[in-house]
Amino acid sequence: MEVMFMVRSGRYTRLNVYLLILSILQVGLHTVEGVWPLPQAFTSSTERYPLSPQAFYFGYGRQSAAQQGCSVLDAAFRRYFSLIFPDYTDGRLHFNQDKPFTVEVSIDHDDCEGYPNEDSSERYNLGVSAGQASLKAETVWGALRGLETFSQLVYQNDFGSYFINKTEIEDFPRFQFRGILLDTSRHYLPVQAILKTLDAMAYSKFNVFHWHIVDDPSFPYQSSSFPDLSSKGAFHPMTHIYTQSDVRRVISHARLWGIRVLPEFDSPGHTKSWGKGQPGLLTPCYKGGTPSGTFGPVNPALRSTYQFMARLFKEVSSVFPDSYIHLGGDEVDFTCWKSNPDVRAFMQKMGFGSDFTKLEAFYMENIVNITSALNKTSIVWQDVFDYHERRSSLSVVEVWREGCYLCEVRRVAKAGLRVILASPWYLDLPGPTHNWARYYTVWPLAFKGTEEQKKLVIGGEVCMWGEYVDATNLSPRLWPRASAAAERLWSDEKQTSNVDKAFPRLQDFRCKLLRRGIRAEPLYVGHCKHEYQGV
């Protein structure tokens, strides 16, 4: 850096000049705090290279299976250009590679037009040297993760100039399933709030959006097969629904970020809103031998129930391309079933006696069979595993209850089933932001088990239930606390076990989120160079 200044007699002492040079040097020595979540192997040096938006280019490597026209990467180049140079307003994207700094991306498999799935590789290697960065990945999804890392390596000095340091990174996720659940039944979330959350998820390298789309309070999903479900079950039939077009928009936006969309249609409990648009689906409750006029869970004793579910899930599996589907199965209240004489008679006929857990298991097995026939892998909440004697029909179990959740993880893995851990990451209840460390110091594999059993833990999920959450507070309640879980699920555990070491990086990352327009809560006293500007 060349610095020119004039010293006039009597105006500047030698000390003044010394202090000025020192301050300029300190500005020049600024480097980025780090990357969040922390890459698996990361080396960088103080050698740095200036970047200019007018001479910065994305390109495809000659040997790359994907080339210009790849929808996922072309869109990513446009997005990341704006994220890397937030002050730049020209808006034009340059593909010419004969200029000062080029990010060259090479992919082994051309999966540009597909969707990410449970087996998608997100591994990438990134090297930054003079005039170029080389990003190599097996898939476009790995390249997206590498572009996010690259964007976090770029920093500005106090004069607004952009720099990046010489860096070598080898990276891949520790767990394959890294999810965020949003509940759009207890409060309706506008599509824009969901899309904004998908953006923020990608910044933390989350890769699954678990859409808990319907529940007791409302049924906002507009079904083409059963339009009455939303017209009678939503909070409002026009303003508080997700049309087929809305759903496609969410899935398309998620795909471009490398995020899977996992729909959940929870039953037989949590279905009060379903009954409004589908008469005969819910169990009539009885009091003193006569119907009370109230309804309980889905009626498992009727053939019509399974015919309805088969049609609904056929539609859902064609609308949502992911191979996973969440069937719920939690918190079923047996009181209404017990009160209903037809349900009790059905149980006697089936040989269940008075064991209502057997009735629930019978119902869930039928629903699992319906989704299996549609080539979908079903996920259920842990309640279904706990009640199920014939567990072989189950595939993936999500552990959500408090208490010794690792004991439950161990039991599920011991049964040979895949596990998703959610218990330690319920973020919907308001808590002070400084408790982010409790979501960071979670050790998902700290149970006694074989290596094979530990491999069955496919990941974890942050849950944002909607009792007290809508679009006004969704972002600050999620971020940056969810990012603590993101690092636990992506990074090497040994390198990320120290909260004090992680804190400056998370603070820096929170400032990046603010600059990208995400309302992330502060972690403690302090400031960001670019504070949130509001909307």
# chains A, B, ... in the order shown; residues from 1 in each chain; ligands from 1

$ residues_around --residues "Trp274 in chain A" --least-positions-apart "4" --cutoff "9 Å" --atoms "only C-alpha atoms" --output "MDAnalysis selection string"
chainID A and resid 214:216 218:219 229:230 232:233 270 278:279 281:282 298

$ write_last_selection --atoms "N, CA and C atoms" --output "PDB file, in the first residue's frame"
ATOM      1  N   VAL A 214     -49.030 -28.116   8.143  1.00  0.00           N
ATOM      2  CA  VAL A 214     -50.389 -28.133   8.705  1.00  0.00           C
ATOM      3  C   VAL A 214     -50.354 -28.706  10.120  1.00  0.00           C
ATOM      4  N   ASP A 215     -51.388 -28.381  10.917  1.00  0.00           N
ATOM      5  CA  ASP A 215     -51.482 -28.869  12.300  1.00  0.00           C
ATOM      6  C   ASP A 215     -52.899 -28.583  12.793  1.00  0.00           C
ATOM      7  N   ASP A 216     -53.125 -28.710  14.116  1.00  0.00           N
ATOM      8  CA  ASP A 216     -54.454 -28.460  14.689  1.00  0.00           C
ATOM      9  C   ASP A 216     -55.058 -27.103  14.305  1.00  0.00           C
ATOM     10  N   SER A 218     -54.589 -24.728  11.896  1.00  0.00           N
ATOM     11  CA  SER A 218     -54.964 -24.342  10.527  1.00  0.00           C
ATOM     12  C   SER A 218     -54.343 -25.296   9.515  1.00  0.00           C
ATOM     13  N   PHE A 219     -54.992 -25.344   8.336  1.00  0.00           N
ATOM     14  CA  PHE A 219     -54.545 -26.194   7.218  1.00  0.00           C
ATOM     15  C   PHE A 219     -54.325 -25.283   6.008  1.00  0.00           C
ATOM     16  N   LEU A 229     -60.000 -28.720   2.302  1.00  0.00           N
ATOM     17  CA  LEU A 229     -59.092 -28.781   3.460  1.00  0.00           C
ATOM     18  C   LEU A 229     -58.582 -27.391   3.819  1.00  0.00           C
ATOM     19  N   SER A 230     -58.188 -26.604   2.809  1.00  0.00           N
ATOM     20  CA  SER A 230     -57.716 -25.242   3.092  1.00  0.00           C
ATOM     21  C   SER A 230     -58.857 -24.228   3.081  1.00  0.00           C
ATOM     22  N   LYS A 232     -61.757 -24.527   4.164  1.00  0.00           N
ATOM     23  CA  LYS A 232     -62.467 -24.564   5.453  1.00  0.00           C
ATOM     24  C   LYS A 232     -61.522 -24.675   6.653  1.00  0.00           C
ATOM     25  N   GLY A 233     -60.293 -25.098   6.390  1.00  0.00           N
ATOM     26  CA  GLY A 233     -59.381 -25.356   7.513  1.00  0.00           C
ATOM     27  C   GLY A 233     -58.294 -24.320   7.720  1.00  0.00           C
ATOM     28  N   HIS A 270     -52.949 -34.013  16.062  1.00  0.00           N
ATOM     29  CA  HIS A 270     -52.617 -32.715  15.455  1.00  0.00           C
ATOM     30  C   HIS A 270     -53.383 -32.474  14.158  1.00  0.00           C
ATOM     31  N   GLN A 278     -62.940 -32.148   5.775  1.00  0.00           N
ATOM     32  CA  GLN A 278     -63.045 -33.572   5.401  1.00  0.00           C
ATOM     33  C   GLN A 278     -63.922 -34.289   6.432  1.00  0.00           C
ATOM     34  N   PRO A 279     -65.245 -34.142   6.299  1.00  0.00           N
ATOM     35  CA  PRO A 279     -66.153 -34.781   7.256  1.00  0.00           C
ATOM     36  C   PRO A 279     -65.942 -36.298   7.277  1.00  0.00           C
ATOM     37  N   LEU A 281     -63.506 -37.850   8.759  1.00  0.00           N
ATOM     38  CA  LEU A 281     -62.098 -38.247   8.923  1.00  0.00           C
ATOM     39  C   LEU A 281     -61.725 -38.391  10.401  1.00  0.00           C
ATOM     40  N   LEU A 282     -62.190 -37.466  11.231  1.00  0.00           N
ATOM     41  CA  LEU A 282     -61.810 -37.479  12.653  1.00  0.00           C
ATOM     42  C   LEU A 282     -62.766 -38.358  13.463  1.00  0.00           C
ATOM     43  N   VAL A 298     -57.576 -38.656  13.983  1.00  0.00           N
ATOM     44  CA  VAL A 298     -58.080 -39.347  12.795  1.00  0.00           C
ATOM     45  C   VAL A 298     -58.666 -40.694  13.222  1.00  0.00           C
TER      46      VAL A 298
END

$ select_by_dssp --residues "range 383-423 of chain A" --states "helix (DSSP H, G or I)" --output "PDB file with C-alpha atoms, in the first residue's frame"
ATOM      1  CA  ASP A 383     -43.462 -41.591  19.814  1.00  0.00           C
ATOM      2  CA  VAL A 384     -44.137 -43.986  16.913  1.00  0.00           C
ATOM      3  CA  PHE A 385     -40.901 -45.871  17.591  1.00  0.00           C
ATOM      4  CA  ASP A 386     -41.667 -46.031  21.312  1.00  0.00           C
ATOM      5  CA  TYR A 387     -45.124 -47.570  20.702  1.00  0.00           C
ATOM      6  CA  ARG A 391     -40.194 -51.612  14.095  1.00  0.00           C
ATOM      7  CA  SER A 392     -38.901 -53.139  10.876  1.00  0.00           C
ATOM      8  CA  SER A 393     -41.454 -51.104   8.881  1.00  0.00           C
ATOM      9  CA  TYR A 405     -32.396 -37.783  24.499  1.00  0.00           C
ATOM     10  CA  LEU A 406     -29.135 -39.600  23.782  1.00  0.00           C
ATOM     11  CA  CYS A 407     -30.604 -42.676  25.501  1.00  0.00           C
ATOM     12  CA  GLU A 408     -33.394 -42.553  22.903  1.00  0.00           C
ATOM     13  CA  VAL A 409     -30.906 -41.973  20.058  1.00  0.00           C
ATOM     14  CA  ARG A 410     -29.059 -45.061  21.247  1.00  0.00           C
ATOM     15  CA  ARG A 411     -32.255 -47.159  21.415  1.00  0.00           C
ATOM     16  CA  VAL A 412     -33.258 -46.181  17.871  1.00  0.00           C
ATOM     17  CA  ALA A 413     -29.773 -46.816  16.464  1.00  0.00           C
ATOM     18  CA  LYS A 414     -29.603 -50.137  18.309  1.00  0.00           C
ATOM     19  CA  SER A 423     -34.352 -32.442  21.250  1.00  0.00           C
TER      20      SER A 423
END

$ closest_residue --among "A:Lys205, A:Arg174, A:Arg78, A:Lys166" --to "Ala133 in chain A" --atoms "only C-alpha atoms"
A:Lys166

$ closest_residue --among "A:Trp465, A:Trp490, A:Phe159, A:Tyr80" --to "Asp199 in chain A" --atoms "only C-alpha atoms"
A:Tyr80

$ residues_around --residues "Leu73 in chain A" --least-positions-apart "3" --cutoff "9 Å" --atoms "only C-alpha atoms" --output "list in words"
Ala66, Gln67, Gln68, Gly69, Cys70, Ala76, Phe77, Arg78, Cys112, Val140, Ala143, Leu144 and Leu256 of chain A

$ residues_around --residues "Ser129 in chain A" --least-positions-apart "6" --cutoff "12 Å" --atoms "only C-alpha atoms" --output "PyMOL selection string"
chain A and resi 44-51+100-104+135+163-169

$ write_last_selection --atoms "N, CA, C and O atoms" --output "PDB file, in the first residue's frame"
ATOM      1  N   SER A  44      -4.743 -20.621   6.057  1.00  0.00           N
ATOM      2  CA  SER A  44      -4.667 -19.352   5.335  1.00  0.00           C
ATOM      3  C   SER A  44      -3.415 -18.612   5.805  1.00  0.00           C
ATOM      4  O   SER A  44      -2.892 -18.885   6.884  1.00  0.00           O
ATOM      5  N   SER A  45      -2.945 -17.680   4.975  1.00  0.00           N
ATOM      6  CA  SER A  45      -1.744 -16.922   5.333  1.00  0.00           C
ATOM      7  C   SER A  45      -2.078 -15.429   5.305  1.00  0.00           C
ATOM      8  O   SER A  45      -3.173 -15.032   4.923  1.00  0.00           O
ATOM      9  N   THR A  46      -1.100 -14.610   5.700  1.00  0.00           N
ATOM     10  CA  THR A  46      -1.322 -13.158   5.693  1.00  0.00           C
ATOM     11  C   THR A  46      -1.183 -12.583   4.281  1.00  0.00           C
ATOM     12  O   THR A  46      -1.528 -11.426   4.063  1.00  0.00           O
ATOM     13  N   GLU A  47      -0.694 -13.396   3.352  1.00  0.00           N
ATOM     14  CA  GLU A  47      -0.596 -12.929   1.962  1.00  0.00           C
ATOM     15  C   GLU A  47      -2.010 -12.697   1.430  1.00  0.00           C
ATOM     16  O   GLU A  47      -2.860 -13.573   1.513  1.00  0.00           O
ATOM     17  N   ARG A  48      -2.231 -11.492   0.888  1.00  0.00           N
ATOM     18  CA  ARG A  48      -3.594 -11.184   0.486  1.00  0.00           C
ATOM     19  C   ARG A  48      -3.627 -10.552  -0.900  1.00  0.00           C
ATOM     20  O   ARG A  48      -2.627 -10.016  -1.376  1.00  0.00           O
ATOM     21  N   TYR A  49      -4.796 -10.630  -1.510  1.00  0.00           N
ATOM     22  CA  TYR A  49      -4.947 -10.158  -2.878  1.00  0.00           C
ATOM     23  C   TYR A  49      -6.139  -9.199  -2.942  1.00  0.00           C
ATOM     24  O   TYR A  49      -7.201  -9.482  -2.378  1.00  0.00           O
ATOM     25  N   PRO A  50      -5.977  -8.073  -3.635  1.00  0.00           N
ATOM     26  CA  PRO A  50      -7.105  -7.142  -3.776  1.00  0.00           C
ATOM     27  C   PRO A  50      -8.132  -7.687  -4.767  1.00  0.00           C
ATOM     28  O   PRO A  50      -7.778  -8.358  -5.732  1.00  0.00           O
ATOM     29  N   LEU A  51      -9.388  -7.417  -4.498  1.00  0.00           N
ATOM     30  CA  LEU A  51     -10.468  -7.801  -5.412  1.00  0.00           C
ATOM     31  C   LEU A  51     -11.194  -6.535  -5.843  1.00  0.00           C
ATOM     32  O   LEU A  51     -11.401  -5.624  -5.039  1.00  0.00           O
ATOM     33  N   PRO A 100      -8.394  -9.834 -14.014  1.00  0.00           N
ATOM     34  CA  PRO A 100      -7.547 -10.011 -12.841  1.00  0.00           C
ATOM     35  C   PRO A 100      -7.912 -11.102 -11.837  1.00  0.00           C
ATOM     36  O   PRO A 100      -7.027 -11.765 -11.363  1.00  0.00           O
ATOM     37  N   PHE A 101      -9.178 -11.268 -11.464  1.00  0.00           N
ATOM     38  CA  PHE A 101      -9.457 -12.330 -10.478  1.00  0.00           C
ATOM     39  C   PHE A 101     -10.634 -13.177 -10.957  1.00  0.00           C
ATOM     40  O   PHE A 101     -11.717 -12.677 -11.208  1.00  0.00           O
ATOM     41  N   THR A 102     -10.384 -14.475 -11.068  1.00  0.00           N
ATOM     42  CA  THR A 102     -11.394 -15.417 -11.545  1.00  0.00           C
ATOM     43  C   THR A 102     -11.602 -16.521 -10.523  1.00  0.00           C
ATOM     44  O   THR A 102     -10.630 -17.087 -10.014  1.00  0.00           O
ATOM     45  N   VAL A 103     -12.853 -16.818 -10.247  1.00  0.00           N
ATOM     46  CA  VAL A 103     -13.193 -18.012  -9.464  1.00  0.00           C
ATOM     47  C   VAL A 103     -13.609 -19.078 -10.475  1.00  0.00           C
ATOM     48  O   VAL A 103     -14.623 -18.946 -11.154  1.00  0.00           O
ATOM     49  N   GLU A 104     -12.765 -20.108 -10.568  1.00  0.00           N
ATOM     50  CA  GLU A 104     -13.014 -21.171 -11.546  1.00  0.00           C
ATOM     51  C   GLU A 104     -13.632 -22.375 -10.836  1.00  0.00           C
ATOM     52  O   GLU A 104     -13.052 -22.910  -9.899  1.00  0.00           O
ATOM     53  N   LEU A 135     -12.249 -23.801  -7.305  1.00  0.00           N
ATOM     54  CA  LEU A 135     -13.249 -24.498  -6.500  1.00  0.00           C
ATOM     55  C   LEU A 135     -13.615 -25.793  -7.212  1.00  0.00           C
ATOM     56  O   LEU A 135     -14.112 -25.778  -8.338  1.00  0.00           O
ATOM     57  N   PHE A 163     -10.561  -7.477  -0.137  1.00  0.00           N
ATOM     58  CA  PHE A 163      -9.375  -8.350  -0.144  1.00  0.00           C
ATOM     59  C   PHE A 163      -9.780  -9.780   0.160  1.00  0.00           C
ATOM     60  O   PHE A 163     -10.833 -10.039   0.748  1.00  0.00           O
ATOM     61  N   ILE A 164      -8.887 -10.688  -0.236  1.00  0.00           N
ATOM     62  CA  ILE A 164      -9.008 -12.082   0.183  1.00  0.00           C
ATOM     63  C   ILE A 164      -7.602 -12.609   0.419  1.00  0.00           C
ATOM     64  O   ILE A 164      -6.662 -12.204  -0.282  1.00  0.00           O
ATOM     65  N   ASN A 165      -7.439 -13.452   1.411  1.00  0.00           N
ATOM     66  CA  ASN A 165      -6.112 -13.988   1.734  1.00  0.00           C
ATOM     67  C   ASN A 165      -5.865 -15.318   1.034  1.00  0.00           C
ATOM     68  O   ASN A 165      -6.805 -16.032   0.672  1.00  0.00           O
ATOM     69  N   LYS A 166      -4.592 -15.632   0.877  1.00  0.00           N
ATOM     70  CA  LYS A 166      -4.194 -16.934   0.319  1.00  0.00           C
ATOM     71  C   LYS A 166      -4.748 -18.023   1.242  1.00  0.00           C
ATOM     72  O   LYS A 166      -4.534 -17.986   2.457  1.00  0.00           O
ATOM     73  N   THR A 167      -5.469 -18.969   0.675  1.00  0.00           N
ATOM     74  CA  THR A 167      -6.201 -19.953   1.494  1.00  0.00           C
ATOM     75  C   THR A 167      -6.261 -21.307   0.805  1.00  0.00           C
ATOM     76  O   THR A 167      -6.323 -21.386  -0.421  1.00  0.00           O
ATOM     77  N   GLU A 168      -6.231 -22.369   1.615  1.00  0.00           N
ATOM     78  CA  GLU A 168      -6.487 -23.731   1.124  1.00  0.00           C
ATOM     79  C   GLU A 168      -7.526 -24.367   2.047  1.00  0.00           C
ATOM     80  O   GLU A 168      -7.353 -24.364   3.268  1.00  0.00           O
ATOM     81  N   ILE A 169      -8.588 -24.895   1.470  1.00  0.00           N
ATOM     82  CA  ILE A 169      -9.663 -25.505   2.269  1.00  0.00           C
ATOM     83  C   ILE A 169     -10.071 -26.839   1.657  1.00  0.00           C
ATOM     84  O   ILE A 169     -10.242 -26.960   0.447  1.00  0.00           O
TER      85      ILE A 169
END

$ residues_around --residues "Asp470 in chain A" --least-positions-apart "2" --cutoff "10 Å" --atoms "only C-alpha atoms" --output "ChimeraX atom specification"
/A:182-184,186-190,193,465-468,472-475

$ select_by_dssp --residues "range 324-528 of chain A" --states "strand (DSSP E)" --output "list in words"
Tyr324, Ile325, His326, Leu327, Gly328, Thr377, Ser378, Ile379, Val380, Trp381, Val396, Val397, Glu398, Val399, Arg418, Val419, Ile420, Leu421, Val457, Ile458, Gly459, Gly460, Glu461, Val462, Cys463 and Met464 of chain A

$ closest_residue --among "A:Ser292, A:Ser491, A:Thr139, A:Ser245" --to "Glu122 in chain A" --atoms "only C-alpha atoms"
A:Thr139

$ residues_around --residues "Gln222 in chain A" --least-positions-apart "3" --cutoff "7 Å" --atoms "only C-alpha atoms" --output "VMD selection string"
chain A and resid 227 230 241 to 244

$ closest_residue --among "A:Tyr324, A:Ser318, A:Ala65, A:Pro341" --to "Gly288 in chain A" --atoms "only C-alpha atoms"
A:Pro341

$ atom_distance --atom1 "CA of Leu429 in chain A" --atom2 "CA of Glu264 in chain A"
21.1 Å

$ decode --residues "range 336-348 of chain A" --atoms "N, CA and C atoms" --output "PDB file, in the first residue's frame"
ATOM      1  N   CYS A 336     -60.367 -39.774  23.282  1.00  0.00           N
ATOM      2  CA  CYS A 336     -61.514 -39.812  22.365  1.00  0.00           C
ATOM      3  C   CYS A 336     -61.693 -41.219  21.778  1.00  0.00           C
ATOM      4  N   TRP A 337     -60.595 -41.839  21.387  1.00  0.00           N
ATOM      5  CA  TRP A 337     -60.661 -43.218  20.900  1.00  0.00           C
ATOM      6  C   TRP A 337     -61.305 -44.124  21.953  1.00  0.00           C
ATOM      7  N   LYS A 338     -60.890 -43.960  23.211  1.00  0.00           N
ATOM      8  CA  LYS A 338     -61.421 -44.798  24.301  1.00  0.00           C
ATOM      9  C   LYS A 338     -62.921 -44.599  24.465  1.00  0.00           C
ATOM     10  N   SER A 339     -63.398 -43.371  24.199  1.00  0.00           N
ATOM     11  CA  SER A 339     -64.813 -43.054  24.421  1.00  0.00           C
ATOM     12  C   SER A 339     -65.709 -43.565  23.289  1.00  0.00           C
ATOM     13  N   ASN A 340     -65.120 -43.890  22.137  1.00  0.00           N
ATOM     14  CA  ASN A 340     -65.918 -44.192  20.943  1.00  0.00           C
ATOM     15  C   ASN A 340     -66.194 -45.702  20.839  1.00  0.00           C
ATOM     16  N   PRO A 341     -67.485 -46.111  20.878  1.00  0.00           N
ATOM     17  CA  PRO A 341     -67.801 -47.553  20.862  1.00  0.00           C
ATOM     18  C   PRO A 341     -67.374 -48.257  19.571  1.00  0.00           C
ATOM     19  N   ASP A 342     -67.425 -47.558  18.450  1.00  0.00           N
ATOM     20  CA  ASP A 342     -67.019 -48.168  17.174  1.00  0.00           C
ATOM     21  C   ASP A 342     -65.513 -48.460  17.161  1.00  0.00           C
ATOM     22  N   VAL A 343     -64.742 -47.534  17.718  1.00  0.00           N
ATOM     23  CA  VAL A 343     -63.284 -47.731  17.785  1.00  0.00           C
ATOM     24  C   VAL A 343     -62.974 -48.897  18.721  1.00  0.00           C
ATOM     25  N   ARG A 344     -63.677 -48.958  19.858  1.00  0.00           N
ATOM     26  CA  ARG A 344     -63.428 -50.061  20.811  1.00  0.00           C
ATOM     27  C   ARG A 344     -63.791 -51.406  20.186  1.00  0.00           C
ATOM     28  N   ALA A 345     -64.899 -51.431  19.438  1.00  0.00           N
ATOM     29  CA  ALA A 345     -65.312 -52.681  18.769  1.00  0.00           C
ATOM     30  C   ALA A 345     -64.267 -53.094  17.728  1.00  0.00           C
ATOM     31  N   PHE A 346     -63.737 -52.120  17.008  1.00  0.00           N
ATOM     32  CA  PHE A 346     -62.687 -52.401  16.000  1.00  0.00           C
ATOM     33  C   PHE A 346     -61.456 -53.003  16.678  1.00  0.00           C
ATOM     34  N   MET A 347     -61.118 -52.459  17.847  1.00  0.00           N
ATOM     35  CA  MET A 347     -59.939 -52.971  18.568  1.00  0.00           C
ATOM     36  C   MET A 347     -60.137 -54.427  18.992  1.00  0.00           C
ATOM     37  N   GLN A 348     -61.332 -54.762  19.441  1.00  0.00           N
ATOM     38  CA  GLN A 348     -61.613 -56.157  19.828  1.00  0.00           C
ATOM     39  C   GLN A 348     -61.485 -57.070  18.613  1.00  0.00           C
TER      40      GLN A 348
END
